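Q: Would you mind keeping the following structure in view while I ask a few things?
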Amino acid sequence: MSPDFALPFRSAFLRLNEVFRNLCVRAASVLVVAALGAASALAQSSATLTGTVTDPSGAAIAGAKISAQPLGGGEPFSATTDSAGRYTLTLPAGRYRLRLAPSVQGALAPIERDVMLAAGESRDLSDHLAIAELSERVVVTAHSEPLSAEETPASVSILTSKNIEQRQDVWLEPLLSSVPGVVIGRNGRQGGLSSIFVNGGNSNFTKVLVDGATLNEPGGAIVLSDFSLENVEKVEIVRGAESALYGTDAMTGVIQVFTRRGTTRRPLLHLLAEGGKYSTAHGAADLSGATGNFDYSAAASRFDTDGQEPNDNIRNTTLSGNFGYAFSDTNRVRLALRSAASHAGSPGQTLYTPGPNMDQYIALRNFTANLGWDFATGQQWQHRVAASETYIRQLFDNATSDFCDPNPPFICDFPSTTRNQYNRAGFIAQSSYLRPNAAVTFGYQMEVENGNIARGHVRRNNNGGYMDARWSWQRLMLTGGFRVEGNDSFGVRAVPRVGAAYLLRKGGGTWGATRLRGTFGLGVKEPSFIQTFGFSTDPCFPGNPDLKPERSRTATFGIEQRLADDRVKITAEGFLNRFRDMTSFTFCVPGGPCPVTPPAGCPFGFGAYFNTDLARANGMNLSFESRPARWLMLGGAYTYTDSRVLDSPNAFDPALVPGQRLLRRPANAGNIFLAVTAGRFGGSLAGYFYGRRTDSDFLGLGFTSNAGYARFDLSMSYAVARFVSAFGRVDNLFDKRYQENLGYQAYRRMYRLGLKFTVGGE
């Protein structure tokens, strides 16, 4: 084909190509405009949610998880905060349930709230994640503001509702026996009066609180024999003098019990019924939940048993409630109530007496209440105001004499009746200034103590001002504080406390983190009402209003090592305790050494109390926790206590003279625990070991030593259905004969079987 002939075809092709290209350009323009229009329409129908997530001190939380669940159904939207704690979510208009949570469950509590977003709306929702006070990773009792258990310098053990469920304990005392440094000594079986010793201190050297309300009698004595575990979520045990924060009674430690708080939007109901040996019957019910800004938890329980021998029965009824209301995320009020009433037969030291005491009994009624208001003013300032009330009613009755041996040492059952009534009403106000690496708290506490004892009505006022501070820098945490305590009995005393924790090594894998801890503090304890005012209307037992406070000087130091990707934790801790001005009783005869003027009308002498005794308790606590498999947990503890009476000029018993170990505190004590969870089955085995300890029969028989023993308890459970589980427990599995205190028989092998029902919840 010639070029002239091809020219028309070429021109037509070029025109056709130009037309096609123009059509493509126009089509593309239409598509772009349509896409831009759709994007604009989508943008106008969507909403943008942004915010910053911080901790209570205002520090940004990186890696926090944010999720928005459409309330109408559908997949949730999610985001993660950056290094500055910021997040952004683009959502279709609608109503959502927003949840902000830390990347790892632990010290901080997640926040949930419902939000309504309009089309095109841009909203900033910045939040502080509050401390999860009931978490096992948070310590509330050791400091004025909650702190991570890993960071605190204090020597602390934490028991949770999971520990209670694994062991199926009904009472607080056996649960505390699993804690390193804690020894319980009880007169016989459940319901018998008991003593609690922390790091070798006396039984009235430990302050015990329930939701902030003090359980101790004025002067420090504490009765825990009727404290059941219904509605208990967490127990914290702090070893070492804590008077800088808690004032009188906190000589060697503080134990605080926290009751459950409702968390589920659907009400959660637990029902429990069990029975067992010695005609034992136990029933309990608790209801909890949260609706809107209100959360609630309430429980009731009843325990009955006829006991192992005559007049060995106990009846206990406990009621408790915990109610909270949040006006906002930084403004909350909470009311906690607890009432316990028990009646326990007291057969006495039947291993030594001619027979059991058939009519002696102990009746106890305790009530505690705490109303607290926590609020913030600004980003860094947090405040707390709280009022508490404690009522203690005690009746020790022995109406008739059941036996009297005419031969030495003339062991007789002498009739007697003692009624004690105590009331402690307190108020506390504190303000804390929080920064990302520091905090300082200033507080004031006032308490009024009233008592009706054999002498009549008595009263004492206490006032204390305190400061508590902490500062962290990289791997180091320092804490310190002091308190000035004004007491109507002993005047004014100042008590300091300091502590340090250092992360020696970070890491994971086989050889994990290594942390060092240490504390030093002074403690004071006021005298009891009887010691100050006398225990009868008899002028020859007048008491001593000039008593000084008993004093302690305590130091703890230790190391914590984590291994195997944190599946193993080993802790070793030493403690050094010195106790001064300990109170003793003596009967002063004319011409004797008593340094006070005898009251008129007492020609044959008089009885009084004096600050005379000196003692020490040094030792160490070792503990380990391990989870070698998902279904298996192992743990244990060992305590060595080198205690000595250094000076006791008024000792009336050979067990109390200088050179003896402190009464009922074994040199060696320990426990071991194994828990298995496999499908629907759960089981645990707990062993308790106590070495020989100094004791006294207090009957004139001359016994000053109590043999050691080992006891094992077994518990099992099986989930029969989704809402029903069966469980059983055997105490003293191998039927060991032993005495916690001389002359008092402990339970032989005992078993309980029961069912637990769970209804509702989420």
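Going by the structure tokens order, chains are called A, B, ..., each with residues numbered from 1, while ligands are numbered from 1 in the order shown.
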Considering only strand (DSSP E or B) as DSSP defines it on the backbone, what residues of segment 493-609 of chain A qualify? List them as number ranges by chain.
A: A: 493-505, 511-525, 550-563, 568-588, 606-609
Q: How would the residues just picked look written out with C-alpha atoms as a compact mmCIF listing (two decimals), in the first residue's frame?
A:
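Just written: out_17.txt:
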# COMPACT_ATOMS: atom_id res chain seq x y z
CA ARG A 493 6.30 10.28 120.86
CA ALA A 494 7.86 10.58 117.40
CA VAL A 495 8.43 7.44 115.32
CA PRO A 496 10.24 7.34 111.94
CA ARG A 497 10.39 4.79 109.14
CA VAL A 498 12.63 4.51 106.05
CA GLY A 499 12.95 1.96 103.26
CA ALA A 500 14.72 1.29 99.97
CA ALA A 501 14.26 -1.11 97.07
CA TYR A 502 16.74 -1.56 94.23
CA LEU A 503 16.29 -3.53 91.02
CA LEU A 504 19.74 -5.07 90.86
CA ARG A 505 19.08 -6.89 87.63
CA TRP A 511 17.57 -15.94 85.19
CA GLY A 512 15.06 -13.17 85.78
CA ALA A 513 14.90 -9.97 87.77
CA THR A 514 16.78 -9.53 91.05
CA ARG A 515 15.50 -7.00 93.60
CA LEU A 516 16.93 -5.90 96.96
CA ARG A 517 14.76 -4.52 99.78
CA GLY A 518 15.26 -3.07 103.24
CA THR A 519 13.33 -1.14 105.90
CA PHE A 520 13.96 0.35 109.33
CA GLY A 521 11.35 1.69 111.72
CA LEU A 522 10.34 2.37 115.30
CA GLY A 523 7.09 1.23 116.86
CA VAL A 524 5.08 2.20 119.93
CA LYS A 525 2.18 0.57 121.76
CA GLU A 550 6.18 -0.26 124.86
CA ARG A 551 8.71 0.31 122.09
CA SER A 552 10.14 -1.66 119.19
CA ARG A 553 13.03 -1.15 116.81
CA THR A 554 12.77 -3.29 113.70
CA ALA A 555 14.83 -3.77 110.56
CA THR A 556 14.17 -6.03 107.58
CA PHE A 557 16.49 -6.70 104.63
CA GLY A 558 16.19 -9.18 101.82
CA ILE A 559 16.47 -10.24 98.21
CA GLU A 560 13.89 -11.44 95.70
CA GLN A 561 14.92 -13.53 92.70
CA ARG A 562 12.72 -14.50 89.75
CA LEU A 563 13.53 -17.44 87.51
CA VAL A 568 9.57 -19.17 89.98
CA LYS A 569 10.02 -16.56 92.71
CA ILE A 570 12.41 -17.04 95.65
CA THR A 571 12.60 -14.58 98.55
CA ALA A 572 15.10 -14.48 101.41
CA GLU A 573 14.69 -11.94 104.20
CA GLY A 574 16.36 -11.24 107.51
CA PHE A 575 14.85 -9.33 110.44
CA LEU A 576 16.26 -7.75 113.59
CA ASN A 577 13.82 -6.75 116.34
CA ARG A 578 14.43 -5.19 119.74
CA PHE A 579 11.63 -4.68 122.28
CA ARG A 580 11.95 -2.21 125.17
CA ASP A 581 9.83 -1.06 128.12
CA MET A 582 7.65 -4.15 127.89
CA THR A 583 4.96 -4.16 130.57
CA SER A 584 5.00 -6.71 133.39
CA PHE A 585 2.81 -7.32 136.42
CA THR A 586 4.00 -7.90 139.94
CA PHE A 587 2.55 -8.07 143.44
CA CYS A 588 4.29 -5.60 145.72
CA PHE A 606 -0.84 -4.52 146.06
CA GLY A 607 -0.59 -5.46 142.37
CA ALA A 608 0.61 -3.09 139.65
CA TYR A 609 2.16 -2.93 136.19
Q: Neighbours of Gly491 of chain A within 10 Å (only C-alpha atoms; same-chain residues fewer than 2 positions away dropped), as a list in words?
A: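 Within the cut-off, the hits are Asn462, Glu485, Gly486, Asn487, Asp488, Ser489, Arg493, Glu526, Asp546, Lys548 and Pro549 of chain A.
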Q: Since we have the selection now, will you write its residues out, keeping C-alpha atoms, as a CSV table (one decimal), in the first residue's frame?
A:
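Output file selection31.csv is given in full below:
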chain,number,residue,atom,x,y,z
A,462,ASN,CA,-5.2,9.7,120.6
A,485,GLU,CA,1.7,10.5,118.2
A,486,GLY,CA,-0.1,12.2,121.1
A,487,ASN,CA,-1.6,9.7,123.5
A,488,ASP,CA,-3.5,10.4,126.8
A,489,SER,CA,-1.6,7.6,128.5
A,493,ARG,CA,6.3,10.3,120.9
A,526,GLU,CA,-0.1,2.1,124.3
A,546,ASP,CA,2.4,6.5,134.5
A,548,LYS,CA,5.4,4.5,129.2
A,549,PRO,CA,4.7,3.1,125.8
Q: Excluding segment 680-682 of chain A and its own-chain neighbours fewer than 2 positions away, which residues fall within 7 Å of it when counting only C-alpha atoms? Please give them as a ChimeraX atom specification.
A: /A:676-678,716-719
Q: I'd like to know which residues of segment 413-568 of chain A are helix (DSSP H, G or I) (by DSSP, run on the backbone); could you write them as a PyMOL selection string?
A: chain A and resi 529-533
Q: As a PyMOL selection string, please: the residues near Leu701 of chain A (cut-off 10 Å, only C-alpha atoms, same-chain neighbours under 2 positions excluded).
A: chain A and resi 352+408-411+696-699+703-704
Q: Store the residues of this selection in a file with N, CA and C atoms, as a compact mmCIF listing (two decimals), in the first residue's frame.
A:
# COMPACT_ATOMS: atom_id res chain seq x y z
N TYR A 352 -4.41 -31.75 131.21
CA TYR A 352 -3.81 -31.63 132.54
C TYR A 352 -4.84 -31.59 133.66
N PRO A 408 -1.51 -30.94 145.74
CA PRO A 408 -0.69 -29.97 145.00
C PRO A 408 -0.55 -30.41 143.55
N PRO A 409 -0.59 -29.48 142.61
CA PRO A 409 -0.63 -28.02 142.77
C PRO A 409 -2.04 -27.44 142.88
N PHE A 410 -3.00 -28.22 143.35
CA PHE A 410 -4.35 -27.74 143.65
C PHE A 410 -5.02 -27.12 142.40
N ILE A 411 -5.14 -27.94 141.37
CA ILE A 411 -5.79 -27.48 140.15
C ILE A 411 -7.30 -27.46 140.36
N SER A 696 4.17 -22.53 128.66
CA SER A 696 3.90 -22.75 130.08
C SER A 696 2.50 -23.30 130.24
N ASP A 697 2.34 -24.20 131.21
CA ASP A 697 1.00 -24.69 131.52
C ASP A 697 0.22 -23.69 132.37
N PHE A 698 0.92 -22.76 133.04
CA PHE A 698 0.31 -21.74 133.91
C PHE A 698 -0.59 -22.37 134.98
N LEU A 699 -0.30 -23.62 135.33
CA LEU A 699 -1.04 -24.31 136.38
C LEU A 699 -0.14 -24.69 137.55
N PHE A 703 5.77 -27.32 133.46
CA PHE A 703 6.08 -27.55 132.05
C PHE A 703 6.46 -26.23 131.39
N THR A 704 7.58 -26.21 130.66
CA THR A 704 8.05 -25.00 129.99
C THR A 704 8.38 -25.22 128.52
Q: Would you work out the distance separating atom CA of Phe541 of chain A from atom CA of Gly601 of chain A, expressed in Å to one decimal?
A: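 Value for the atom CA of Phe541 of chain A-atom CA of Gly601 of chain A distance: 11.3 Å.
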Q: Quick one: residues within 8 Å of Asp211 of chain A, only C-alpha atoms counted, chain neighbours fewer than 2 positions away excluded, as a PyMOL selection string?
A: chain A and resi 209+213+256-259+336+370
Q: Go through A:Leu215, A:Leu662, A:Ala340, A:Leu129 one by one, measure the shortest atom-to-atom distance of each to Arg616 of chain A using only C-alpha atoms, and give the residue with the smallest value.
A: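 With only C-alpha atoms as the atom set, the closest residue is A:Leu662.
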